[in-house]
Amino acid sequence: MAKIIPARMTAAHDGPLVVFLIGMRFNKLHRIDKWLPVVRAMGPMIAELARDPDSGFLGWQPSLAGLRTLLLTQYWRDFEALETYARARDRLHWPAWIAFNKAVGTDGSVGIFHETYAVPAGGYETIYANMPPFGLGKVAGLVPATGNRNAARERMKASRI
């Protein structure tokens with residue numbers, strides 16, 4: 001279990017970033033043959049990205065978004081890096097996407113989704129109080145929310161390069 005930091009902290013990231021929400025929904029729980037391969041595909045992709053610091057992948061945070069929905073929040077350097085990975089025929093995402101479309105397609109057994117947000121420098125701020133490292137703070141590291149990072153408006157300014 002991650003250690004709680006008994007202080008007000010903020011993410012140490014400066015500059016722009018892309019926030020990529022990707023997930024799946026178990027629409028038909030009894031169709032384990034449909035959803036288990038989808039669940040199993042994400043771990044190897046995350047591991048592949050984590051091994052490649054030049055990929056533009058900064059890190060991720062898993063979440064449950066209800067009883068039937070898994071959500072991964074991913075942080076990327078820029079949209080181009082995300083798109084390059086998604087379209088690379090020699091990386092794990094492309095064959096997983098093809099396999100999903102062949103096995104599930106539009107049969108309704110498993111839902112998948114993603115949302116992509118390109119966030120400019122100065123367009124975000126974070127605060128974590130009495131929390132273990134989480135979200136962007138887990139990915140980028142944490143610094144005390146003091147001085148020029150004390151208030152939300154100041155943290156927004158501090159995220160600019």
# chains A, B, ... in the order shown; residues from 1 in each chain; ligands from 1
>>> select_by_dssp(residues="stretch 4-122 of chain A", states="alpha helix (DSSP H)", output="JSON, numbers by chain")
{"A": [32, 33, 34, 35, 36, 37, 38, 39, 40, 41, 42, 43, 44, 45, 46, 47, 48, 49, 50, 79, 80, 81, 82, 83, 84, 85, 86, 87, 93, 94, 95, 96, 97, 98, 99, 100, 101, 102, 103]}
>>> closest_residue(among="A:Thr116, A:Asn27, A:Thr106, A:Thr84", to="A:Leu72", atoms="only C-alpha atoms")
A:Thr116
>>> residues_around(residues="stretch 12-25 of chain A", least_positions_apart="3", cutoff="7 Å", atoms="only C-alpha atoms", output="PyMOL selection string")
chain A and resi 68-79+110-121+137+140-143+159-161
>>> closest_residue(among="A:Leu67, A:Thr10, A:Glu48, A:Leu136", to="A:Glu154", atoms="only C-alpha atoms")
A:Thr10
>>> select_by_dssp(residues="stretch 42-132 of chain A", states="strand (DSSP E)", output="number ranges by chain")
A: 57-64, 69-76, 110-119, 128-131
>>> write_last_selection(atoms="N, CA and C atoms", output="PDB file, in the first residue's frame")
ATOM      1  N   PHE A  57       4.808   8.311 -23.437  1.00  0.00           N
ATOM      2  CA  PHE A  57       3.917   7.879 -22.357  1.00  0.00           C
ATOM      3  C   PHE A  57       4.543   8.288 -21.035  1.00  0.00           C
ATOM      4  N   LEU A  58       3.789   9.038 -20.230  1.00  0.00           N
ATOM      5  CA  LEU A  58       4.322   9.518 -18.952  1.00  0.00           C
ATOM      6  C   LEU A  58       3.931   8.614 -17.785  1.00  0.00           C
ATOM      7  N   GLY A  59       2.771   7.962 -17.878  1.00  0.00           N
ATOM      8  CA  GLY A  59       2.320   7.083 -16.807  1.00  0.00           C
ATOM      9  C   GLY A  59       0.815   6.956 -16.803  1.00  0.00           C
ATOM     10  N   TRP A  60       0.311   6.261 -15.782  1.00  0.00           N
ATOM     11  CA  TRP A  60      -1.118   5.969 -15.754  1.00  0.00           C
ATOM     12  C   TRP A  60      -1.622   5.791 -14.332  1.00  0.00           C
ATOM     13  N   GLN A  61      -2.940   5.834 -14.206  1.00  0.00           N
ATOM     14  CA  GLN A  61      -3.631   5.641 -12.928  1.00  0.00           C
ATOM     15  C   GLN A  61      -4.886   4.821 -13.204  1.00  0.00           C
ATOM     16  N   PRO A  62      -5.030   3.630 -12.597  1.00  0.00           N
ATOM     17  CA  PRO A  62      -6.248   2.833 -12.798  1.00  0.00           C
ATOM     18  C   PRO A  62      -7.365   3.282 -11.862  1.00  0.00           C
ATOM     19  N   SER A  63      -8.606   3.044 -12.297  1.00  0.00           N
ATOM     20  CA  SER A  63      -9.777   3.387 -11.486  1.00  0.00           C
ATOM     21  C   SER A  63     -10.939   2.468 -11.844  1.00  0.00           C
ATOM     22  N   LEU A  64     -11.866   2.350 -10.917  1.00  0.00           N
ATOM     23  CA  LEU A  64     -13.163   1.750 -11.210  1.00  0.00           C
ATOM     24  C   LEU A  64     -14.139   2.901 -11.413  1.00  0.00           C
ATOM     25  N   THR A  69     -17.358  -0.924 -15.026  1.00  0.00           N
ATOM     26  CA  THR A  69     -16.480  -0.146 -15.899  1.00  0.00           C
ATOM     27  C   THR A  69     -15.095   0.030 -15.295  1.00  0.00           C
ATOM     28  N   LEU A  70     -14.080  -0.339 -16.067  1.00  0.00           N
ATOM     29  CA  LEU A  70     -12.681  -0.113 -15.709  1.00  0.00           C
ATOM     30  C   LEU A  70     -12.192   1.106 -16.479  1.00  0.00           C
ATOM     31  N   LEU A  71     -11.413   1.947 -15.814  1.00  0.00           N
ATOM     32  CA  LEU A  71     -10.921   3.186 -16.417  1.00  0.00           C
ATOM     33  C   LEU A  71      -9.432   3.329 -16.135  1.00  0.00           C
ATOM     34  N   LEU A  72      -8.674   3.647 -17.151  1.00  0.00           N
ATOM     35  CA  LEU A  72      -7.260   3.974 -16.990  1.00  0.00           C
ATOM     36  C   LEU A  72      -7.084   5.411 -17.444  1.00  0.00           C
ATOM     37  N   THR A  73      -6.548   6.226 -16.563  1.00  0.00           N
ATOM     38  CA  THR A  73      -6.176   7.580 -16.934  1.00  0.00           C
ATOM     39  C   THR A  73      -4.703   7.530 -17.301  1.00  0.00           C
ATOM     40  N   GLN A  74      -4.415   7.904 -18.525  1.00  0.00           N
ATOM     41  CA  GLN A  74      -3.035   7.904 -18.989  1.00  0.00           C
ATOM     42  C   GLN A  74      -2.587   9.343 -19.226  1.00  0.00           C
ATOM     43  N   TYR A  75      -1.314   9.577 -19.018  1.00  0.00           N
ATOM     44  CA  TYR A  75      -0.713  10.883 -19.244  1.00  0.00           C
ATOM     45  C   TYR A  75       0.346  10.730 -20.328  1.00  0.00           C
ATOM     46  N   TRP A  76       0.291  11.607 -21.325  1.00  0.00           N
ATOM     47  CA  TRP A  76       1.194  11.559 -22.471  1.00  0.00           C
ATOM     48  C   TRP A  76       1.842  12.918 -22.676  1.00  0.00           C
ATOM     49  N   VAL A 110     -19.109  -6.239 -24.859  1.00  0.00           N
ATOM     50  CA  VAL A 110     -18.093  -5.449 -24.179  1.00  0.00           C
ATOM     51  C   VAL A 110     -18.100  -4.049 -24.789  1.00  0.00           C
ATOM     52  N   GLY A 111     -18.140  -3.053 -23.932  1.00  0.00           N
ATOM     53  CA  GLY A 111     -18.009  -1.684 -24.417  1.00  0.00           C
ATOM     54  C   GLY A 111     -16.598  -1.191 -24.187  1.00  0.00           C
ATOM     55  N   ILE A 112     -16.092  -0.417 -25.112  1.00  0.00           N
ATOM     56  CA  ILE A 112     -14.790   0.221 -24.930  1.00  0.00           C
ATOM     57  C   ILE A 112     -14.945   1.701 -25.232  1.00  0.00           C
ATOM     58  N   PHE A 113     -14.067   2.503 -24.659  1.00  0.00           N
ATOM     59  CA  PHE A 113     -14.148   3.941 -24.892  1.00  0.00           C
ATOM     60  C   PHE A 113     -12.787   4.569 -24.673  1.00  0.00           C
ATOM     61  N   HIS A 114     -12.639   5.749 -25.242  1.00  0.00           N
ATOM     62  CA  HIS A 114     -11.521   6.604 -24.877  1.00  0.00           C
ATOM     63  C   HIS A 114     -11.908   8.053 -25.112  1.00  0.00           C
ATOM     64  N   GLU A 115     -11.296   8.915 -24.337  1.00  0.00           N
ATOM     65  CA  GLU A 115     -11.436  10.362 -24.470  1.00  0.00           C
ATOM     66  C   GLU A 115     -10.031  10.936 -24.390  1.00  0.00           C
ATOM     67  N   THR A 116      -9.741  11.915 -25.234  1.00  0.00           N
ATOM     68  CA  THR A 116      -8.413  12.506 -25.293  1.00  0.00           C
ATOM     69  C   THR A 116      -8.519  14.006 -25.057  1.00  0.00           C
ATOM     70  N   TYR A 117      -7.718  14.509 -24.137  1.00  0.00           N
ATOM     71  CA  TYR A 117      -7.700  15.936 -23.823  1.00  0.00           C
ATOM     72  C   TYR A 117      -6.273  16.466 -23.951  1.00  0.00           C
ATOM     73  N   ALA A 118      -6.083  17.409 -24.841  1.00  0.00           N
ATOM     74  CA  ALA A 118      -4.791  18.087 -24.967  1.00  0.00           C
ATOM     75  C   ALA A 118      -4.854  19.310 -24.061  1.00  0.00           C
ATOM     76  N   VAL A 119      -4.031  19.312 -23.037  1.00  0.00           N
ATOM     77  CA  VAL A 119      -4.078  20.351 -22.017  1.00  0.00           C
ATOM     78  C   VAL A 119      -2.842  21.248 -22.171  1.00  0.00           C
ATOM     79  N   TYR A 128      -3.156  17.555  -3.709  1.00  0.00           N
ATOM     80  CA  TYR A 128      -3.300  16.273  -3.003  1.00  0.00           C
ATOM     81  C   TYR A 128      -2.999  16.550  -1.536  1.00  0.00           C
ATOM     82  N   ALA A 129      -3.973  16.353  -0.678  1.00  0.00           N
ATOM     83  CA  ALA A 129      -3.788  16.572   0.757  1.00  0.00           C
ATOM     84  C   ALA A 129      -4.011  15.260   1.497  1.00  0.00           C
ATOM     85  N   ASN A 130      -3.005  14.851   2.255  1.00  0.00           N
ATOM     86  CA  ASN A 130      -3.083  13.604   3.016  1.00  0.00           C
ATOM     87  C   ASN A 130      -3.383  12.418   2.104  1.00  0.00           C
ATOM     88  N   MET A 131      -2.680  12.351   0.985  1.00  0.00           N
ATOM     89  CA  MET A 131      -2.887  11.318  -0.029  1.00  0.00           C
ATOM     90  C   MET A 131      -1.565  10.620  -0.338  1.00  0.00           C
TER      91      MET A 131
END
>>> residues_around(residues="A:Asn150", least_positions_apart="6", cutoff="10 Å", atoms="only C-alpha atoms", output="PyMOL selection string")
chain A and resi 8-10+127+144
>>> write_last_selection(atoms="C-alpha atoms", output="PDB file, in the first residue's frame")
ATOM      1  CA  ARG A   8      -0.533  19.490   0.823  1.00  0.00           C
ATOM      2  CA  MET A   9       1.291  18.486  -2.357  1.00  0.00           C
ATOM      3  CA  THR A  10       0.979  19.261  -6.051  1.00  0.00           C
ATOM      4  CA  ILE A 127      -3.723  19.350  -5.198  1.00  0.00           C
ATOM      5  CA  PRO A 144       4.896  20.872  -1.659  1.00  0.00           C
TER       6      PRO A 144
END
>>> atom_distance(atom1="atom CA of A:Asp90", atom2="atom CA of A:Val39")
20.5 Å
